[in-house]
Amino acid sequence: DETLSACMKETDIDKAKLSEMFDDDFHIKYPHDVTSKIVECGLGKVHFFNEDGGFNSKFVTEDLAKSLPVFVTDEIDAKKADELAKEIYHECSTPKGENLVEKMANFHNCVMVELKKKTTAA
């Protein structure tokens, strides 16, 4: 997406380097230098978190619904993606971690686990 593309340019991380931050199950590796750079950059551009450190649920569920079709092999329409995003967000919405980067990595990994449970993941 646009944010990722901008952050890759700003941090001088190419696709090959970016792939290092993920394992075979598309879980984010943390701590990891690439993860820290990309996630910190992204968090500076989008409002994933509220001032209290909790997730901005409206933004996160909308963003999740937009990206879900990429991760599932089944065809899903916007309504199904929205429902699935809300279900997954409900399971993963309590951010765990010492800092925002760790919280984002843990949230992403929770989403991948829940997605696998609920669908045929790509």
# chains A, B, ... in the order shown; residues from 1 in each chain; ligands from 1
$ residues_around --residues "range 92-103 of chain A" --least-positions-apart "6" --cutoff "8 Å" --atoms "only C-alpha atoms" --output "PyMOL selection string"
chain A and resi 30-31+35-36+39-40+53-55+57+110-111
$ write_last_selection --atoms "C-alpha atoms" --output "PDB file, in the first residue's frame"
ATOM      1  CA  TYR A  30      10.443  -8.977  16.434  1.00  0.00           C
ATOM      2  CA  PRO A  31      12.852  -7.756  17.580  1.00  0.00           C
ATOM      3  CA  THR A  35      10.602  -4.582  11.455  1.00  0.00           C
ATOM      4  CA  SER A  36      11.494  -1.676  13.725  1.00  0.00           C
ATOM      5  CA  VAL A  39       6.734  -0.220  11.608  1.00  0.00           C
ATOM      6  CA  GLU A  40       8.049   2.969  13.242  1.00  0.00           C
ATOM      7  CA  GLY A  53      -2.052   3.532  23.653  1.00  0.00           C
ATOM      8  CA  GLY A  54      -5.077   1.440  22.659  1.00  0.00           C
ATOM      9  CA  PHE A  55      -5.939   0.695  19.048  1.00  0.00           C
ATOM     10  CA  SER A  57     -10.636   0.450  16.366  1.00  0.00           C
ATOM     11  CA  CYS A 110      -2.509 -12.500  16.098  1.00  0.00           C
ATOM     12  CA  VAL A 111      -4.380 -11.492  12.925  1.00  0.00           C
TER      13      VAL A 111
END
$ select_by_dssp --residues "range 13-82 of chain A" --states "helix (DSSP H, G or I)" --output "PyMOL selection string"
chain A and resi 15-19+33-45+57-71+78-82
$ atom_distance --atom1 "CA of Asp82 in chain A" --atom2 "CA of Ala65 in chain A"
4.9 Å
$ residues_around --residues "range 18-25 of chain A" --least-positions-apart "3" --cutoff "9 Å" --atoms "only C-alpha atoms" --output "PyMOL selection string"
chain A and resi 8+13-15+28-30+32-35+38+112-113
$ residues_around --residues "Lys80 in chain A" --least-positions-apart "6" --cutoff "10 Å" --atoms "only C-alpha atoms" --output "list in words"
Ala65, Leu68, Pro69 and Lys86 of chain A
$ residues_around --residues "Thr119 in chain A" --least-positions-apart "4" --cutoff "10 Å" --atoms "only C-alpha atoms" --output "PyMOL selection string"
chain A and resi 71-74+84+114-115
$ write_last_selection --atoms "C-alpha atoms" --output "tab-separated table (two decimals), in the first residue's frame"
chain	number	residue	atom	x	y	z
A	71	PHE	CA	-4.62	-13.09	2.52
A	72	VAL	CA	-7.50	-15.45	1.74
A	73	THR	CA	-7.85	-17.87	-1.12
A	74	ASP	CA	-11.65	-17.78	-1.02
A	84	LEU	CA	-14.24	-10.97	9.25
A	114	GLU	CA	-7.01	-15.87	13.65
A	115	LEU	CA	-7.25	-15.60	9.87
$ atom_distance --atom1 "CA of Glu10 in chain A" --atom2 "CA of Val46 in chain A"
15.1 Å
$ residues_around --residues "Thr3 in chain A" --least-positions-apart "3" --cutoff "10 Å" --atoms "only C-alpha atoms" --output "list in words"
Ala6, Cys7, Met8, Ile38, Cys41, Gly42, Leu43, Gly44, Lys45 and Val46 of chain A
$ write_last_selection --atoms "N, CA and C atoms" --output "mmCIF file, in the first residue's frame"
data_model
loop_
_atom_site.group_PDB
_atom_site.id
_atom_site.type_symbol
_atom_site.label_atom_id
_atom_site.label_comp_id
_atom_site.auth_asym_id
_atom_site.auth_seq_id
_atom_site.Cartn_x
_atom_site.Cartn_y
_atom_site.Cartn_z
ATOM 1 N N ALA A 6 5.980 4.249 0.748
ATOM 2 C CA ALA A 6 6.666 5.460 1.209
ATOM 3 C C ALA A 6 7.720 5.112 2.256
ATOM 4 N N CYS A 7 7.371 4.225 3.175
ATOM 5 C CA CYS A 7 8.315 3.851 4.234
ATOM 6 C C CYS A 7 9.501 3.059 3.691
ATOM 7 N N MET A 8 9.267 2.239 2.672
ATOM 8 C CA MET A 8 10.373 1.504 2.066
ATOM 9 C C MET A 8 11.370 2.488 1.450
ATOM 10 N N ILE A 38 10.474 -0.216 9.532
ATOM 11 C CA ILE A 38 9.244 -0.135 8.736
ATOM 12 C C ILE A 38 8.042 0.216 9.613
ATOM 13 N N CYS A 41 8.141 3.825 10.987
ATOM 14 C CA CYS A 41 7.810 4.746 9.902
ATOM 15 C C CYS A 41 6.300 4.738 9.654
ATOM 16 N N GLY A 42 5.713 3.561 9.546
ATOM 17 C CA GLY A 42 4.278 3.442 9.297
ATOM 18 C C GLY A 42 3.437 4.067 10.394
ATOM 19 N N LEU A 43 3.856 3.864 11.632
ATOM 20 C CA LEU A 43 3.103 4.423 12.756
ATOM 21 C C LEU A 43 3.151 5.947 12.757
ATOM 22 N N GLY A 44 4.182 6.506 12.148
ATOM 23 C CA GLY A 44 4.265 7.959 12.036
ATOM 24 C C GLY A 44 3.341 8.521 10.967
ATOM 25 N N LYS A 45 2.821 7.651 10.105
ATOM 26 C CA LYS A 45 1.987 8.092 8.990
ATOM 27 C C LYS A 45 0.500 7.779 9.166
ATOM 28 N N VAL A 46 0.175 6.739 9.900
ATOM 29 C CA VAL A 46 -1.232 6.346 10.071
ATOM 30 C C VAL A 46 -1.571 6.248 11.552
#
$ atom_distance --atom1 "CA of Lys117 in chain A" --atom2 "CA of His47 in chain A"
27.4 Å
$ residues_around --residues "Glu83 in chain A" --least-positions-apart "3" --cutoff "12 Å" --atoms "only C-alpha atoms" --output "list of chain:residue names"
A:Thr61, A:Glu62, A:Leu64, A:Ala65, A:Lys66, A:Leu68, A:Ile76, A:Asp77, A:Ala78, A:Lys79, A:Lys80, A:Lys86, A:Glu87, A:Ile88, A:Tyr89, A:His90, A:Lys118
$ write_last_selection --atoms "N, CA and C atoms" --output "PDB file, in the first residue's frame"
ATOM      1  N   THR A  61     -10.023  -1.655  11.954  1.00  0.00           N
ATOM      2  CA  THR A  61     -10.942  -2.608  11.313  1.00  0.00           C
ATOM      3  C   THR A  61     -11.148  -2.272   9.841  1.00  0.00           C
ATOM      4  N   GLU A  62     -11.205  -0.982   9.501  1.00  0.00           N
ATOM      5  CA  GLU A  62     -11.348  -0.601   8.088  1.00  0.00           C
ATOM      6  C   GLU A  62     -10.111  -1.006   7.294  1.00  0.00           C
ATOM      7  N   LEU A  64      -7.971  -3.359   8.066  1.00  0.00           N
ATOM      8  CA  LEU A  64      -7.943  -4.818   8.039  1.00  0.00           C
ATOM      9  C   LEU A  64      -8.896  -5.357   6.971  1.00  0.00           C
ATOM     10  N   ALA A  65     -10.098  -4.807   6.906  1.00  0.00           N
ATOM     11  CA  ALA A  65     -11.087  -5.250   5.913  1.00  0.00           C
ATOM     12  C   ALA A  65     -10.567  -5.050   4.491  1.00  0.00           C
ATOM     13  N   LYS A  66      -9.836  -3.950   4.260  1.00  0.00           N
ATOM     14  CA  LYS A  66      -9.277  -3.683   2.927  1.00  0.00           C
ATOM     15  C   LYS A  66      -8.187  -4.678   2.557  1.00  0.00           C
ATOM     16  N   LEU A  68      -7.700  -7.852   3.907  1.00  0.00           N
ATOM     17  CA  LEU A  68      -8.024  -9.280   4.042  1.00  0.00           C
ATOM     18  C   LEU A  68      -8.100 -10.050   2.726  1.00  0.00           C
ATOM     19  N   ILE A  76     -13.921 -13.172  -1.266  1.00  0.00           N
ATOM     20  CA  ILE A  76     -14.776 -12.549  -0.255  1.00  0.00           C
ATOM     21  C   ILE A  76     -15.147 -11.145  -0.705  1.00  0.00           C
ATOM     22  N   ASP A  77     -16.418 -10.802  -0.501  1.00  0.00           N
ATOM     23  CA  ASP A  77     -16.861  -9.462  -0.872  1.00  0.00           C
ATOM     24  C   ASP A  77     -16.588  -8.494   0.276  1.00  0.00           C
ATOM     25  N   ALA A  78     -16.874  -7.226   0.041  1.00  0.00           N
ATOM     26  CA  ALA A  78     -16.575  -6.185   1.030  1.00  0.00           C
ATOM     27  C   ALA A  78     -17.320  -6.424   2.343  1.00  0.00           C
ATOM     28  N   LYS A  79     -18.564  -6.902   2.255  1.00  0.00           N
ATOM     29  CA  LYS A  79     -19.357  -7.137   3.466  1.00  0.00           C
ATOM     30  C   LYS A  79     -18.733  -8.257   4.299  1.00  0.00           C
ATOM     31  N   LYS A  80     -18.346  -9.341   3.645  1.00  0.00           N
ATOM     32  CA  LYS A  80     -17.719 -10.468   4.338  1.00  0.00           C
ATOM     33  C   LYS A  80     -16.365 -10.045   4.921  1.00  0.00           C
ATOM     34  N   LYS A  86     -13.909  -7.424  11.739  1.00  0.00           N
ATOM     35  CA  LYS A  86     -14.429  -7.139  13.084  1.00  0.00           C
ATOM     36  C   LYS A  86     -14.238  -8.335  14.013  1.00  0.00           C
ATOM     37  N   GLU A  87     -14.469  -9.547  13.504  1.00  0.00           N
ATOM     38  CA  GLU A  87     -14.272 -10.765  14.316  1.00  0.00           C
ATOM     39  C   GLU A  87     -12.802 -10.895  14.728  1.00  0.00           C
ATOM     40  N   ILE A  88     -11.916 -10.726  13.766  1.00  0.00           N
ATOM     41  CA  ILE A  88     -10.482 -10.862  14.039  1.00  0.00           C
ATOM     42  C   ILE A  88     -10.013  -9.757  14.983  1.00  0.00           C
ATOM     43  N   TYR A  89     -10.477  -8.539  14.732  1.00  0.00           N
ATOM     44  CA  TYR A  89     -10.091  -7.425  15.610  1.00  0.00           C
ATOM     45  C   TYR A  89     -10.513  -7.720  17.050  1.00  0.00           C
ATOM     46  N   HIS A  90     -11.703  -8.267  17.221  1.00  0.00           N
ATOM     47  CA  HIS A  90     -12.205  -8.590  18.565  1.00  0.00           C
ATOM     48  C   HIS A  90     -11.238  -9.531  19.289  1.00  0.00           C
ATOM     49  N   LYS A 118     -10.099 -18.988  10.764  1.00  0.00           N
ATOM     50  CA  LYS A 118     -11.410 -18.629  10.233  1.00  0.00           C
ATOM     51  C   LYS A 118     -11.571 -18.854   8.732  1.00  0.00           C
TER      52      LYS A 118
END
